[in-house]
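Data file: run.json. Format and content: JSON, C-alpha atoms.
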```
[["chain", "number", "residue", "atom", "x", "y", "z"],
["A", 136, "MET", "CA", 155.43, 95.47, 79.92],
["A", 137, "ASN", "CA", 152.63, 98.03, 79.50],
["A", 138, "ARG", "CA", 149.46, 96.40, 78.14],
["A", 139, "TYR", "CA", 148.40, 99.71, 76.58],
["A", 140, "GLN", "CA", 151.73, 100.33, 74.84],
["A", 141, "ARG", "CA", 150.45, 100.06, 71.28],
["A", 142, "GLN", "CA", 147.66, 102.60, 71.72],
["A", 143, "GLN", "CA", 149.78, 104.90, 73.90],
["A", 144, "MET", "CA", 152.27, 105.09, 71.04],
["A", 145, "LEU", "CA", 149.70, 107.14, 69.17],
["A", 146, "PRO", "CA", 150.61, 110.80, 69.78],
["A", 147, "GLU", "CA", 146.94, 111.72, 70.21],
["A", 148, "ILE", "CA", 146.71, 109.31, 73.16],
["A", 149, "GLY", "CA", 149.98, 108.99, 75.03],
["A", 150, "GLU", "CA", 150.13, 108.79, 78.81],
["A", 151, "GLU", "CA", 147.65, 111.61, 79.34],
["A", 152, "GLY", "CA", 145.06, 109.99, 77.11],
["A", 153, "GLN", "CA", 145.49, 106.66, 78.86],
["A", 154, "LYS", "CA", 144.98, 108.37, 82.23],
["A", 155, "ALA", "CA", 141.77, 109.90, 80.88],
["A", 156, "LEU", "CA", 140.50, 106.47, 79.88],
["A", 157, "SER", "CA", 141.44, 104.95, 83.23],
["A", 158, "THR", "CA", 139.30, 107.51, 85.09],
["A", 159, "ALA", "CA", 136.34, 107.41, 82.68],
["A", 160, "HIS", "CA", 132.93, 106.17, 83.83],
["A", 161, "VAL", "CA", 130.82, 104.67, 81.03],
["A", 162, "LEU", "CA", 127.28, 103.30, 81.10],
["A", 163, "VAL", "CA", 126.49, 100.53, 78.61],
["A", 164, "VAL", "CA", 122.81, 99.67, 78.25],
["A", 165, "GLY", "CA", 122.50, 96.25, 76.63],
["A", 166, "ALA", "CA", 124.87, 93.28, 76.74],
["A", 167, "GLY", "CA", 123.66, 91.52, 73.60],
["A", 168, "GLY", "CA", 125.20, 91.51, 70.14],
["A", 169, "LEU", "CA", 126.45, 95.10, 70.13],
["A", 170, "GLY", "CA", 127.60, 94.88, 73.73],
["A", 171, "SER", "CA", 129.43, 91.61, 73.18],
["A", 172, "THR", "CA", 131.79, 93.39, 70.80],
["A", 173, "LEU", "CA", 132.07, 96.86, 72.30],
["A", 174, "LEU", "CA", 132.46, 95.84, 75.96],
["A", 175, "PRO", "CA", 135.68, 93.81, 75.49],
["A", 176, "LEU", "CA", 137.08, 96.62, 73.34],
["A", 177, "LEU", "CA", 136.41, 99.23, 76.03],
["A", 178, "ALA", "CA", 137.82, 97.03, 78.77],
["A", 179, "GLY", "CA", 140.80, 96.19, 76.60],
["A", 180, "ALA", "CA", 141.47, 99.88, 75.98],
["A", 181, "GLY", "CA", 141.59, 100.51, 79.72],
["A", 182, "VAL", "CA", 138.31, 102.31, 80.40],
["A", 183, "GLY", "CA", 138.35, 102.38, 84.19],
["A", 184, "TYR", "CA", 134.69, 101.87, 85.06],
["A", 185, "LEU", "CA", 131.92, 100.19, 83.09],
["A", 186, "ARG", "CA", 128.34, 100.07, 84.35],
["A", 187, "VAL", "CA", 126.33, 97.46, 82.44],
["A", 188, "TRP", "CA", 122.51, 97.30, 82.51],
["A", 189, "ASP", "CA", 120.82, 94.23, 81.05],
["A", 190, "ASP", "CA", 117.97, 92.08, 82.36],
["A", 191, "ASP", "CA", 118.34, 89.21, 79.88],
["A", 192, "VAL", "CA", 119.83, 85.73, 80.16],
["A", 193, "VAL", "CA", 122.04, 83.95, 77.65],
["A", 194, "GLU", "CA", 120.15, 81.71, 75.23],
["A", 195, "LEU", "CA", 121.42, 79.30, 72.58],
["A", 196, "HIS", "CA", 120.19, 81.44, 69.67],
["A", 197, "ASN", "CA", 122.27, 84.38, 70.98],
["A", 198, "LEU", "CA", 125.61, 82.68, 70.46],
["A", 199, "HIS", "CA", 125.99, 83.20, 66.70],
["A", 200, "ARG", "CA", 126.44, 86.94, 67.26],
["A", 201, "GLN", "CA", 126.93, 87.44, 71.01],
["A", 202, "THR", "CA", 130.43, 86.05, 71.01],
["A", 203, "LEU", "CA", 131.25, 87.20, 74.53],
["A", 204, "TYR", "CA", 129.30, 84.17, 75.80],
["A", 205, "THR", "CA", 129.84, 80.41, 75.62],
["A", 206, "LEU", "CA", 127.68, 77.32, 75.85],
["A", 207, "ASN", "CA", 128.44, 77.20, 79.56],
["A", 208, "ASP", "CA", 126.75, 80.60, 80.00],
["A", 209, "ILE", "CA", 123.32, 79.51, 78.71],
["A", 210, "GLY", "CA", 120.62, 80.32, 81.23],
["A", 211, "GLN", "CA", 122.83, 82.72, 83.17],
["A", 212, "SER", "CA", 122.46, 86.48, 83.55],
["A", 213, "LYS", "CA", 124.23, 88.35, 80.75],
["A", 214, "ALA", "CA", 125.19, 91.15, 83.13],
["A", 215, "LEU", "CA", 126.90, 88.72, 85.50],
["A", 216, "CYS", "CA", 128.56, 86.89, 82.61],
["A", 217, "VAL", "CA", 129.97, 90.23, 81.48],
["A", 218, "VAL", "CA", 131.53, 90.81, 84.89],
["A", 219, "ARG", "CA", 133.22, 87.43, 84.74],
["A", 220, "ALA", "CA", 134.35, 87.71, 81.10],
["A", 221, "LEU", "CA", 135.72, 91.25, 81.31],
["A", 222, "GLY", "CA", 137.31, 90.62, 84.69],
["A", 223, "ALA", "CA", 139.30, 87.83, 83.09],
["A", 224, "ARG", "CA", 140.46, 90.24, 80.38],
["A", 225, "ASN", "CA", 141.51, 93.27, 82.41],
["A", 226, "HIS", "CA", 141.81, 93.57, 86.18],
["A", 227, "ASP", "CA", 142.22, 97.34, 85.82],
["A", 228, "CYS", "CA", 138.59, 97.73, 84.78],
["A", 229, "ILE", "CA", 135.83, 97.93, 87.38],
["A", 230, "ILE", "CA", 132.60, 96.35, 86.13],
["A", 231, "GLU", "CA", 129.28, 97.13, 87.80],
["A", 232, "ALA", "CA", 126.44, 94.85, 86.69],
["A", 233, "ARG", "CA", 122.77, 95.72, 87.01],
["A", 234, "GLN", "CA", 120.41, 92.84, 86.22],
["A", 235, "GLN", "CA", 117.49, 95.03, 85.19],
["A", 236, "ALA", "CA", 115.99, 96.66, 82.15],
["A", 237, "LEU", "CA", 116.36, 100.39, 81.75],
["A", 238, "CYS", "CA", 113.11, 102.34, 81.87],
["A", 239, "ILE", "CA", 111.99, 105.89, 82.45],
["A", 240, "SER", "CA", 111.81, 105.55, 86.24],
["A", 241, "THR", "CA", 115.34, 104.10, 86.51],
["A", 242, "VAL", "CA", 117.23, 106.11, 83.88],
["A", 243, "ALA", "CA", 118.34, 108.80, 86.36],
["A", 244, "GLN", "CA", 119.89, 106.10, 88.56],
["A", 245, "ALA", "CA", 121.61, 104.51, 85.57],
["A", 246, "LEU", "CA", 123.14, 107.81, 84.45],
["A", 247, "GLN", "CA", 124.43, 108.84, 87.86],
["A", 248, "ASP", "CA", 128.12, 109.85, 87.78],
["A", 249, "VAL", "CA", 128.84, 108.67, 84.22],
["A", 250, "ASP", "CA", 130.84, 110.53, 81.58],
["A", 251, "LEU", "CA", 129.37, 108.81, 78.54],
["A", 252, "VAL", "CA", 126.46, 106.53, 77.67],
["A", 253, "ILE", "CA", 126.42, 103.76, 75.07],
["A", 254, "ASP", "CA", 123.04, 102.57, 73.86],
["A", 255, "ALA", "CA", 123.53, 98.94, 72.84],
["A", 256, "ALA", "CA", 119.98, 97.81, 73.58],
["A", 257, "ASP", "CA", 118.79, 98.23, 69.97],
["A", 258, "ASN", "CA", 115.37, 99.14, 71.31],
["A", 259, "PHE", "CA", 113.66, 102.34, 70.20],
["A", 260, "VAL", "CA", 112.03, 103.11, 73.55],
["A", 261, "VAL", "CA", 115.35, 102.72, 75.36],
["A", 262, "THR", "CA", 117.08, 104.93, 72.77],
["A", 263, "TYR", "CA", 114.58, 107.78, 73.11],
["A", 264, "THR", "CA", 114.60, 107.45, 76.90],
["A", 265, "LEU", "CA", 118.39, 107.65, 77.03],
["A", 266, "SER", "CA", 118.57, 110.50, 74.54],
["A", 267, "ASP", "CA", 116.03, 112.61, 76.42],
["A", 268, "ALA", "CA", 117.89, 112.10, 79.69],
["A", 269, "CYS", "CA", 121.35, 112.62, 78.19],
["A", 270, "GLN", "CA", 120.28, 115.81, 76.45],
["A", 271, "GLN", "CA", 118.96, 117.22, 79.71],
["A", 272, "LEU", "CA", 122.14, 116.29, 81.62],
["A", 273, "GLY", "CA", 124.63, 117.14, 78.86],
["A", 274, "ILE", "CA", 126.00, 113.58, 78.64],
["A", 275, "PRO", "CA", 127.25, 112.27, 75.28],
["A", 276, "LEU", "CA", 125.35, 109.29, 73.86],
["A", 277, "ILE", "CA", 126.61, 106.74, 71.34],
["A", 278, "SER", "CA", 123.73, 104.76, 69.85],
["A", 279, "ALA", "CA", 123.57, 102.00, 67.23],
["A", 280, "SER", "CA", 120.99, 99.79, 65.60],
["A", 281, "VAL", "CA", 121.35, 96.83, 63.24],
["A", 282, "LEU", "CA", 118.90, 94.63, 61.37],
["A", 283, "GLY", "CA", 119.63, 91.96, 58.82],
["A", 284, "ARG", "CA", 122.77, 93.22, 57.05],
["A", 285, "GLN", "CA", 122.29, 96.94, 57.62],
["A", 286, "GLY", "CA", 122.73, 99.33, 60.50],
["A", 287, "TYR", "CA", 123.87, 102.71, 61.73],
["A", 288, "VAL", "CA", 125.80, 104.27, 64.58],
["A", 289, "GLY", "CA", 125.78, 107.88, 65.72],
["A", 290, "GLY", "CA", 126.95, 110.30, 68.38],
["A", 291, "PHE", "CA", 124.26, 112.39, 70.05],
["A", 292, "CYS", "CA", 123.67, 114.90, 72.87],
["A", 293, "ALA", "CA", 126.24, 116.88, 74.89],
["A", 294, "SER", "CA", 127.73, 119.18, 72.20],
["A", 295, "ALA", "CA", 125.51, 117.63, 69.48],
["A", 296, "PRO", "CA", 121.77, 117.51, 68.80],
["A", 297, "SER", "CA", 119.75, 114.73, 70.40],
["A", 298, "TYR", "CA", 118.49, 111.54, 68.80],
["A", 299, "ARG", "CA", 115.06, 113.17, 68.45],
["A", 300, "ALA", "CA", 116.57, 115.95, 66.32],
["A", 301, "VAL", "CA", 117.53, 113.32, 63.72],
["A", 302, "PHE", "CA", 114.69, 110.84, 64.31],
["A", 303, "PRO", "CA", 111.75, 112.83, 65.72],
["A", 304, "CYS", "CA", 109.28, 109.94, 65.75],
["A", 305, "LEU", "CA", 109.27, 106.21, 66.31],
["A", 306, "PRO", "CA", 109.46, 104.25, 63.02],
["A", 307, "ILE", "CA", 105.76, 103.37, 62.99],
["A", 308, "SER", "CA", 105.91, 102.12, 59.40],
["A", 309, "THR", "CA", 107.67, 98.93, 60.49],
["A", 310, "THR", "CA", 107.67, 96.50, 63.39],
["A", 311, "ALA", "CA", 110.69, 94.53, 62.16],
["A", 312, "ASN", "CA", 113.36, 93.52, 64.67],
["A", 313, "CYS", "CA", 116.05, 90.88, 65.05],
["A", 314, "ASN", "CA", 113.55, 88.43, 66.54],
["A", 315, "THR", "CA", 111.26, 88.61, 63.51],
["A", 316, "THR", "CA", 113.64, 89.44, 60.65],
["A", 317, "GLY", "CA", 117.03, 88.06, 61.65],
["A", 318, "VAL", "CA", 120.53, 89.52, 61.70],
["A", 319, "MET", "CA", 124.07, 88.54, 60.72],
["A", 320, "GLY", "CA", 126.73, 88.35, 63.40],
["A", 321, "PRO", "CA", 129.51, 90.21, 61.57],
["A", 322, "ALA", "CA", 127.16, 93.13, 60.84],
["A", 323, "VAL", "CA", 126.36, 93.40, 64.55],
["A", 324, "ALA", "CA", 130.03, 93.13, 65.48],
["A", 325, "THR", "CA", 131.00, 95.86, 63.01],
["A", 326, "LEU", "CA", 128.45, 98.28, 64.46],
["A", 327, "GLY", "CA", 129.53, 97.39, 68.00],
["A", 328, "ALA", "CA", 133.16, 98.05, 67.12],
["A", 329, "LEU", "CA", 132.20, 101.41, 65.62],
["A", 330, "GLN", "CA", 130.38, 102.27, 68.84],
["A", 331, "ALA", "CA", 133.51, 101.47, 70.82],
["A", 332, "GLN", "CA", 135.66, 103.60, 68.50],
["A", 333, "MET", "CA", 133.25, 106.53, 68.76],
["A", 334, "ALA", "CA", 133.11, 106.18, 72.56],
["A", 335, "LEU", "CA", 136.89, 106.17, 72.93],
["A", 336, "SER", "CA", 137.16, 109.13, 70.55],
["A", 337, "VAL", "CA", 134.74, 111.13, 72.69],
["A", 338, "LEU", "CA", 136.51, 110.21, 75.93],
["A", 339, "LEU", "CA", 139.87, 111.17, 74.40],
["A", 340, "LYS", "CA", 138.42, 114.41, 72.98],
["A", 341, "PHE", "CA", 139.54, 113.62, 69.43],
["A", 342, "SER", "CA", 138.76, 116.20, 66.74],
["A", 343, "PRO", "CA", 136.61, 116.15, 64.74],
["A", 344, "SER", "CA", 134.29, 114.66, 67.31],
["A", 345, "PRO", "CA", 132.00, 111.77, 66.40],
["A", 346, "LEU", "CA", 129.26, 113.65, 68.25],
["A", 347, "GLY", "CA", 126.98, 115.07, 65.58],
["A", 348, "SER", "CA", 127.93, 112.35, 63.12],
["A", 349, "LEU", "CA", 125.98, 109.34, 61.87],
["A", 350, "VAL", "CA", 127.43, 106.41, 59.89],
["A", 351, "ASN", "CA", 125.20, 104.09, 57.83],
["A", 352, "CYS", "CA", 126.54, 100.62, 57.02],
["A", 353, "ASP", "CA", 124.91, 98.59, 54.25],
["A", 354, "PHE", "CA", 126.42, 95.13, 53.88],
["A", 355, "ILE", "CA", 123.95, 94.26, 51.13],
["A", 356, "GLN", "CA", 125.07, 96.79, 48.53],
["A", 357, "TRP", "CA", 128.38, 97.48, 50.32],
["A", 358, "HIS", "CA", 127.67, 101.15, 50.86],
["A", 359, "PHE", "CA", 129.13, 103.02, 53.80],
["A", 360, "ARG", "CA", 127.90, 106.57, 54.15],
["A", 361, "SER", "CA", 128.23, 109.18, 56.85],
["A", 362, "PHE", "CA", 126.80, 112.62, 57.43],
["A", 363, "ARG", "CA", 126.94, 115.29, 60.08],
["A", 364, "PHE", "CA", 123.87, 116.73, 61.77],
["A", 365, "ASP", "CA", 125.48, 119.41, 63.95],
["A", 366, "ASN", "CA", 122.82, 121.93, 62.99],
["A", 367, "ALA", "CA", 119.78, 119.67, 63.26],
["A", 368, "GLU", "CA", 117.00, 121.40, 65.17],
["A", 369, "GLU", "CA", 115.32, 119.86, 68.18],
["A", 370, "PRO", "CA", 111.58, 119.12, 67.73],
["A", 371, "VAL", "CA", 109.38, 122.03, 68.76],
["A", 372, "ASN", "CA", 106.41, 119.97, 69.91],
["A", 373, "SER", "CA", 106.70, 117.90, 73.07],
["A", 374, "ALA", "CA", 106.94, 114.19, 72.43],
["A", 375, "ILE", "CA", 104.40, 111.75, 73.84],
["A", 376, "PRO", "CA", 106.12, 110.52, 76.99],
["A", 377, "PHE", "CA", 107.17, 106.96, 77.64],
["A", 378, "ILE", "CA", 106.28, 105.80, 81.13],
["A", 379, "ASP", "CA", 106.45, 102.51, 83.02],
["A", 380, "CYS", "CA", 104.14, 100.75, 85.42],
["A", 381, "ASN", "CA", 105.52, 102.65, 88.40],
["A", 382, "MET", "CA", 104.28, 105.90, 86.87],
["A", 383, "LEU", "CA", 100.65, 104.92, 86.34],
["A", 384, "LYS", "CA", 98.02, 107.05, 88.06],
["A", 385, "ALA", "CA", 94.74, 105.93, 89.61],
["A", 386, "ASP", "CA", 92.60, 107.81, 87.08],
["A", 387, "ASP", "CA", 94.54, 106.75, 83.96],
["A", 388, "CYS", "CA", 92.58, 105.18, 81.12],
["A", 389, "ILE", "CA", 94.79, 102.24, 80.18],
["A", 390, "ILE", "CA", 94.37, 100.81, 76.70],
["A", 391, "GLU", "CA", 95.96, 97.42, 76.09],
["A", 392, "LEU", "CA", 96.52, 97.05, 72.33],
["A", 393, "ARG", "CA", 97.59, 93.41, 72.54],
["A", 394, "SER", "CA", 95.14, 90.54, 72.48],
["A", 395, "ARG", "CA", 94.62, 88.39, 75.54],
["A", 396, "GLN", "CA", 96.39, 85.58, 73.70],
["A", 397, "GLU", "CA", 99.42, 87.79, 73.07],
["A", 398, "ALA", "CA", 99.44, 89.24, 76.58],
["A", 399, "PRO", "CA", 97.29, 87.29, 79.09],
["A", 400, "TYR", "CA", 98.31, 89.77, 81.79],
["A", 401, "SER", "CA", 98.62, 93.48, 81.16],
["A", 402, "VAL", "CA", 100.32, 96.25, 83.14],
["A", 403, "ALA", "CA", 97.36, 96.67, 85.52],
["A", 404, "GLU", "CA", 94.19, 94.86, 86.49],
["A", 405, "SER", "CA", 91.86, 97.53, 85.09],
["A", 406, "VAL", "CA", 92.59, 97.89, 81.38],
["A", 407, "GLN", "CA", 90.51, 98.12, 78.23],
["A", 408, "ARG", "CA", 91.60, 95.80, 75.44],
["A", 409, "ILE", "CA", 91.19, 97.58, 72.14],
["A", 410, "PRO", "CA", 93.03, 96.46, 68.98],
["A", 411, "LEU", "CA", 94.81, 99.10, 66.94],
["A", 412, "PHE", "CA", 92.31, 98.89, 64.05],
["A", 413, "ALA", "CA", 89.48, 99.89, 66.42],
["A", 414, "ILE", "CA", 91.16, 102.95, 67.92],
["A", 415, "GLU", "CA", 89.69, 105.34, 65.37],
["A", 416, "GLN", "CA", 86.16, 104.33, 66.42],
["A", 417, "TRP", "CA", 86.89, 104.34, 70.15],
["A", 418, "GLN", "CA", 85.59, 107.28, 72.17],
["A", 419, "PRO", "CA", 88.27, 108.42, 74.64],
["A", 420, "PRO", "CA", 87.14, 109.68, 78.05],
["A", 421, "ALA", "CA", 87.31, 113.38, 78.84],
["A", 422, "ASN", "CA", 89.81, 114.75, 81.36],
["A", 423, "ARG", "CA", 91.74, 111.51, 81.77],
["A", 424, "ARG", "CA", 95.19, 110.56, 80.55],
["A", 425, "VAL", "CA", 95.14, 107.77, 77.97],
["A", 426, "VAL", "CA", 97.96, 105.27, 78.43],
["A", 427, "LEU", "CA", 98.60, 103.06, 75.41],
["A", 428, "VAL", "CA", 100.25, 99.69, 75.97],
["A", 429, "CYS", "CA", 101.96, 97.33, 73.54],
["A", 430, "ALA", "CA", 105.11, 95.19, 73.50],
["A", 431, "SER", "CA", 107.63, 97.44, 71.72],
["A", 432, "GLY", "CA", 105.98, 100.87, 71.74],
["A", 433, "ILE", "CA", 105.48, 100.91, 67.97],
["A", 434, "GLN", "CA", 101.79, 99.96, 67.96],
["A", 435, "ALA", "CA", 101.18, 102.39, 70.83],
["A", 436, "ALA", "CA", 102.86, 105.17, 68.84],
["A", 437, "LYS", "CA", 100.56, 104.44, 65.90],
["A", 438, "ALA", "CA", 97.53, 104.58, 68.18],
["A", 439, "ALA", "CA", 98.78, 107.80, 69.76],
["A", 440, "MET", "CA", 99.13, 109.42, 66.35],
["A", 441, "LEU", "CA", 95.53, 108.53, 65.50],
["A", 442, "LEU", "CA", 94.28, 109.91, 68.82],
["A", 443, "GLU", "CA", 96.31, 113.10, 68.47],
["A", 444, "GLN", "CA", 94.64, 113.70, 65.12],
["A", 445, "ARG", "CA", 91.33, 113.59, 66.99],
["A", 446, "GLY", "CA", 92.48, 116.18, 69.51],
["A", 447, "VAL", "CA", 93.48, 113.89, 72.40],
["A", 448, "ASP", "CA", 96.45, 115.61, 74.08],
["A", 449, "ARG", "CA", 96.90, 113.69, 77.34],
["A", 450, "LEU", "CA", 98.72, 110.58, 76.18],
["A", 451, "ALA", "CA", 101.46, 108.26, 77.38],
["A", 452, "ILE", "CA", 103.05, 105.06, 76.08],
["A", 453, "ILE", "CA", 104.14, 101.91, 77.87],
["A", 454, "ALA", "CA", 106.31, 99.39, 76.07],
["A", 455, "ALA", "CA", 105.38, 96.44, 78.24],
["A", 456, "ASN", "CA", 108.49, 94.40, 77.56],
["A", 457, "ARG", "CA", 110.56, 97.25, 79.04],
["A", 458, "SER", "CA", 108.51, 97.74, 82.22]]
```
Just dump the structure as structure tokens.
Amino acid sequence: MNRYQRQQMLPEIGEEGQKALSTAHVLVVGAGGLGSTLLPLLAGAGVGYLRVWDDDVVELHNLHRQTLYTLNDIGQSKALCVVRALGARNHDCIIEARQQALCISTVAQALQDVDLVIDAADNFVVTYTLSDACQQLGIPLISASVLGRQGYVGGFCASAPSYRAVFPCLPISTTANCNTTGVMGPAVATLGALQAQMALSVLLKFSPSPLGSLVNCDFIQWHFRSFRFDNAEEPVNSAIPFIDCNMLKADDCIIELRSRQEAPYSVAESVQRIPLFAIEQWQPPANRRVVLVCASGIQAAKAAMLLEQRGVDRLAIIAANRS
């Protein structure tokens, strides 16, 4: 009995399509809610090699939406749990687990020898980092985000414009995320399943391609809309770079935007603690790069915008929870 019989019956897949899936190398960044749905679907479909990057551990509050895990997994590495769970589902699939967060200094290593990247981290800094790298290397990227009962999924890079062409700037008007606002499990699962479908469609070279397409899902008003952005133009101006602690220089002026209560320890010993509201009155030093630090990158992006308006052009951002 062929486990892939039902999908191989589709004329657009067949034996040749199944062979293509069996030799595909896919990077999945994030093994949380999105990953919990899309990873079993990719393994079930016979994708031959899955590289999973995630530095988190399973916690009780994950289980309502991260259905790949059980109560017995609490406290264990998600990446290692993925290896065990997917290995039990399909011995044909090779799973490589990396127990680390993706950042700018490790993205090249993460993307080595992969055919497609899936952004399941639901973290803006990770998304922009992956998109920039995928665009440069010509690797397709499937990215999704979900909050509350709404979300979107899209196909970027390779033959399509990058994520920055559609979303040039970080969403500085909001700091909402699943930790602060909440999210429903079925909404996350739906977006994860759409990511898996898009990924398989790219690997199988279906036409029309999901690359250059974005689907919005609104489970509040029950609206499902899609649009294509094949002709979206890449931003002309260079984006403020994201860096991590490994990329700090000795003469950097490091501005910690978090309070000492929020972050008792910053990214370096020598930092200036300046809250966002005081940035407009702060006098930046001449001829030094200003590195702005916050938890998610959003507050740093706001501060960077204010400094750019004052003519500061040597800027960088560190999202400390991704370093």
The residues within 12 Å of (90.9, 104.2, 84.3), using all atoms listed in the file and the coordinates of the file, should be reported as a PyMOL selection string; which are they? chain A and resi 383-391+403-407+419-427
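Using only C-alpha atoms, the protein and nucleic acid residues lying no more than 12 Å from Phe302 of chain A, apart from those fewer than 4 places from it along its own chain, are Phe259, Thr262, Tyr263, Ser266, Gly289, Phe291, Pro296, Ser297, Tyr298, Pro306, Ile307, Leu349, Phe364, Ala367, Glu368, Glu369, Pro370 and Ala374 of chain A.
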Protein and nucleic acid residues near (130.4, 98.5, 84.7) (cut-off 9 Å, only C-alpha atoms) as a short mmCIF file (atom, residue, chain, number, x, y, z; two decimals) with C-alpha atoms, in the frame of the given file:
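Final output, saved to point03.cif:
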```cif
data_model
loop_
_atom_site.label_atom_id
_atom_site.label_comp_id
_atom_site.auth_asym_id
_atom_site.auth_seq_id
_atom_site.Cartn_x
_atom_site.Cartn_y
_atom_site.Cartn_z
CA HIS A 160 132.93 106.17 83.83
CA VAL A 161 130.82 104.67 81.03
CA LEU A 162 127.28 103.30 81.10
CA VAL A 163 126.49 100.53 78.61
CA GLY A 183 138.35 102.38 84.19
CA TYR A 184 134.69 101.87 85.06
CA LEU A 185 131.92 100.19 83.09
CA ARG A 186 128.34 100.07 84.35
CA VAL A 187 126.33 97.46 82.44
CA TRP A 188 122.51 97.30 82.51
CA VAL A 217 129.97 90.23 81.48
CA VAL A 218 131.53 90.81 84.89
CA CYS A 228 138.59 97.73 84.78
CA ILE A 229 135.83 97.93 87.38
CA ILE A 230 132.60 96.35 86.13
CA GLU A 231 129.28 97.13 87.80
CA ALA A 232 126.44 94.85 86.69
CA ARG A 233 122.77 95.72 87.01
#
```
The residue from A:Ala166, A:Cys269, A:Ile209, A:Ile355 with the smallest atom-to-atom distance to Leu221 of chain A, counting all atoms listed in the file, is A:Ala166
Contact residues around Trp357 of chain A with all atoms listed in the file at 12 Å, ignoring same-chain residues under 3 positions, as number ranges by chain: A: 284-286, 322, 351-354, 360
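Here atom CA of Ser348 of chain A and atom CA of Asp365 of chain A stand 7.5 Å from one another.
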Using only C-alpha atoms, which protein or nucleic acid residues come within 12 Å of Ile239 of chain A? Drop anything in the same chain fewer than 2 positions from it, and give the result as a ChimeraX atom specification. /A:236-237,241-246,260-268,376-382,451-454,457-458
Compile a residue-level contact table for segment 259-353 of chain A against segment 249-255 of chain A at a cut-off of 6 Å, reporting for every qualifying residue the shortest atom pair and its distance in Å to one decimal, with all atoms listed in the file counted, rows ordered by chain and ascending number, as a tab-separated table.
```
residue	atom	partner	partner_atom	distance
A:Ile274	CA	A:Leu251	CA	5.8
A:Pro275	CA	A:Leu251	CA	5.2
A:Leu276	CA	A:Val252	CA	4.8
A:Ile277	CA	A:Ile253	CA	4.8
A:Ser278	CA	A:Asp254	CA	4.6
```
Could you work out how far atom CA of Tyr204 of chain A lies from atom CA of Ser280 of chain A, giving the answer in Å with one decimal? 20.4 Å
Taking 5 positions as the minimum chain separation for residues in the same chain, which residues sit within 10 Å of Thr172 of chain A when counting all atoms listed in the file? Answer as a ChimeraX atom specification. /A:166-167,177,200-203,323-331
With 8 Å on each side, where is the centre of the axis-aligned box around all listed atoms of segment 252-270 of chain A, and how long are its edges in Å to one decimal, as lines of an AutoDock Vina configuration file?
```
center_x = 119.2
center_y = 106.8
center_z = 74.8
size_x = 30.4
size_y = 34.0
size_z = 25.7
```
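Coordinates place atom CA of Ala430 of chain A at a distance of 13.0 Å from atom CA of Gln396 of chain A.
Excluding Val350 of chain A itself and same-chain residues fewer than 6 positions from it, the residues having an atom within 8 Å of it are Tyr287, Val288, Gly289, Phe359, Arg360, Ser361 and Phe362 of chain A, counting all atoms listed in the file.
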Which residue out of A:Ala398, A:Ala178, A:Ile375, A:Val164 has the minimum interatomic distance to Ala435 of chain A when only C-alpha atoms are used? A:Ile375
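Using all atoms listed in the file for every distance, the candidate list A:Gly222, A:Gly317, A:Gly179, A:Gly165 yields A:Gly179 as the residue closest to Gln153 of chain A.
With distances restricted to all atoms listed in the file, A:Leu272 is the closest residue to Gln247 of chain A from A:Leu272, A:Met440, A:Ala300, A:Ala214.
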I'd like to know which of A:Leu392, A:Val281, A:Val318, A:Leu450 is closest to Ser431 of chain A, using only C-alpha atoms. A:Leu392
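If you measure from each of A:Ala256, A:Ala436, A:Ala334, A:Ala220 to Gly290 of chain A using only C-alpha atoms, the closest one turns out to be A:Ala334.
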Using the partial input, fill out segment 425-433 of chain A with N, CA and C atoms; write the result as a CSV table (one decimal), keeping the file's coordinate frame.
```
chain,number,residue,atom,x,y,z
A,425,VAL,N,95.2,109.1,78.7
A,425,VAL,CA,95.1,107.8,78.0
A,425,VAL,C,96.5,107.2,77.9
A,426,VAL,N,96.7,106.0,78.5
A,426,VAL,CA,98.0,105.3,78.4
A,426,VAL,C,97.8,104.1,77.5
A,427,LEU,N,98.7,104.1,76.4
A,427,LEU,CA,98.6,103.1,75.4
A,427,LEU,C,99.7,102.0,75.6
A,428,VAL,N,99.3,100.8,75.6
A,428,VAL,CA,100.2,99.7,76.0
A,428,VAL,C,100.4,98.7,74.8
A,429,CYS,N,101.7,98.4,74.5
A,429,CYS,CA,102.0,97.3,73.5
A,429,CYS,C,103.3,96.8,73.9
A,430,ALA,N,103.9,95.8,73.1
A,430,ALA,CA,105.1,95.2,73.5
A,430,ALA,C,106.3,96.1,73.3
A,431,SER,N,106.4,96.7,72.1
A,431,SER,CA,107.6,97.4,71.7
A,431,SER,C,107.5,98.9,71.8
A,432,GLY,N,106.2,99.4,71.8
A,432,GLY,CA,106.0,100.9,71.7
A,432,GLY,C,105.6,101.3,70.4
A,433,ILE,N,105.8,100.5,69.3
A,433,ILE,CA,105.5,100.9,68.0
A,433,ILE,C,104.0,101.0,67.7
```
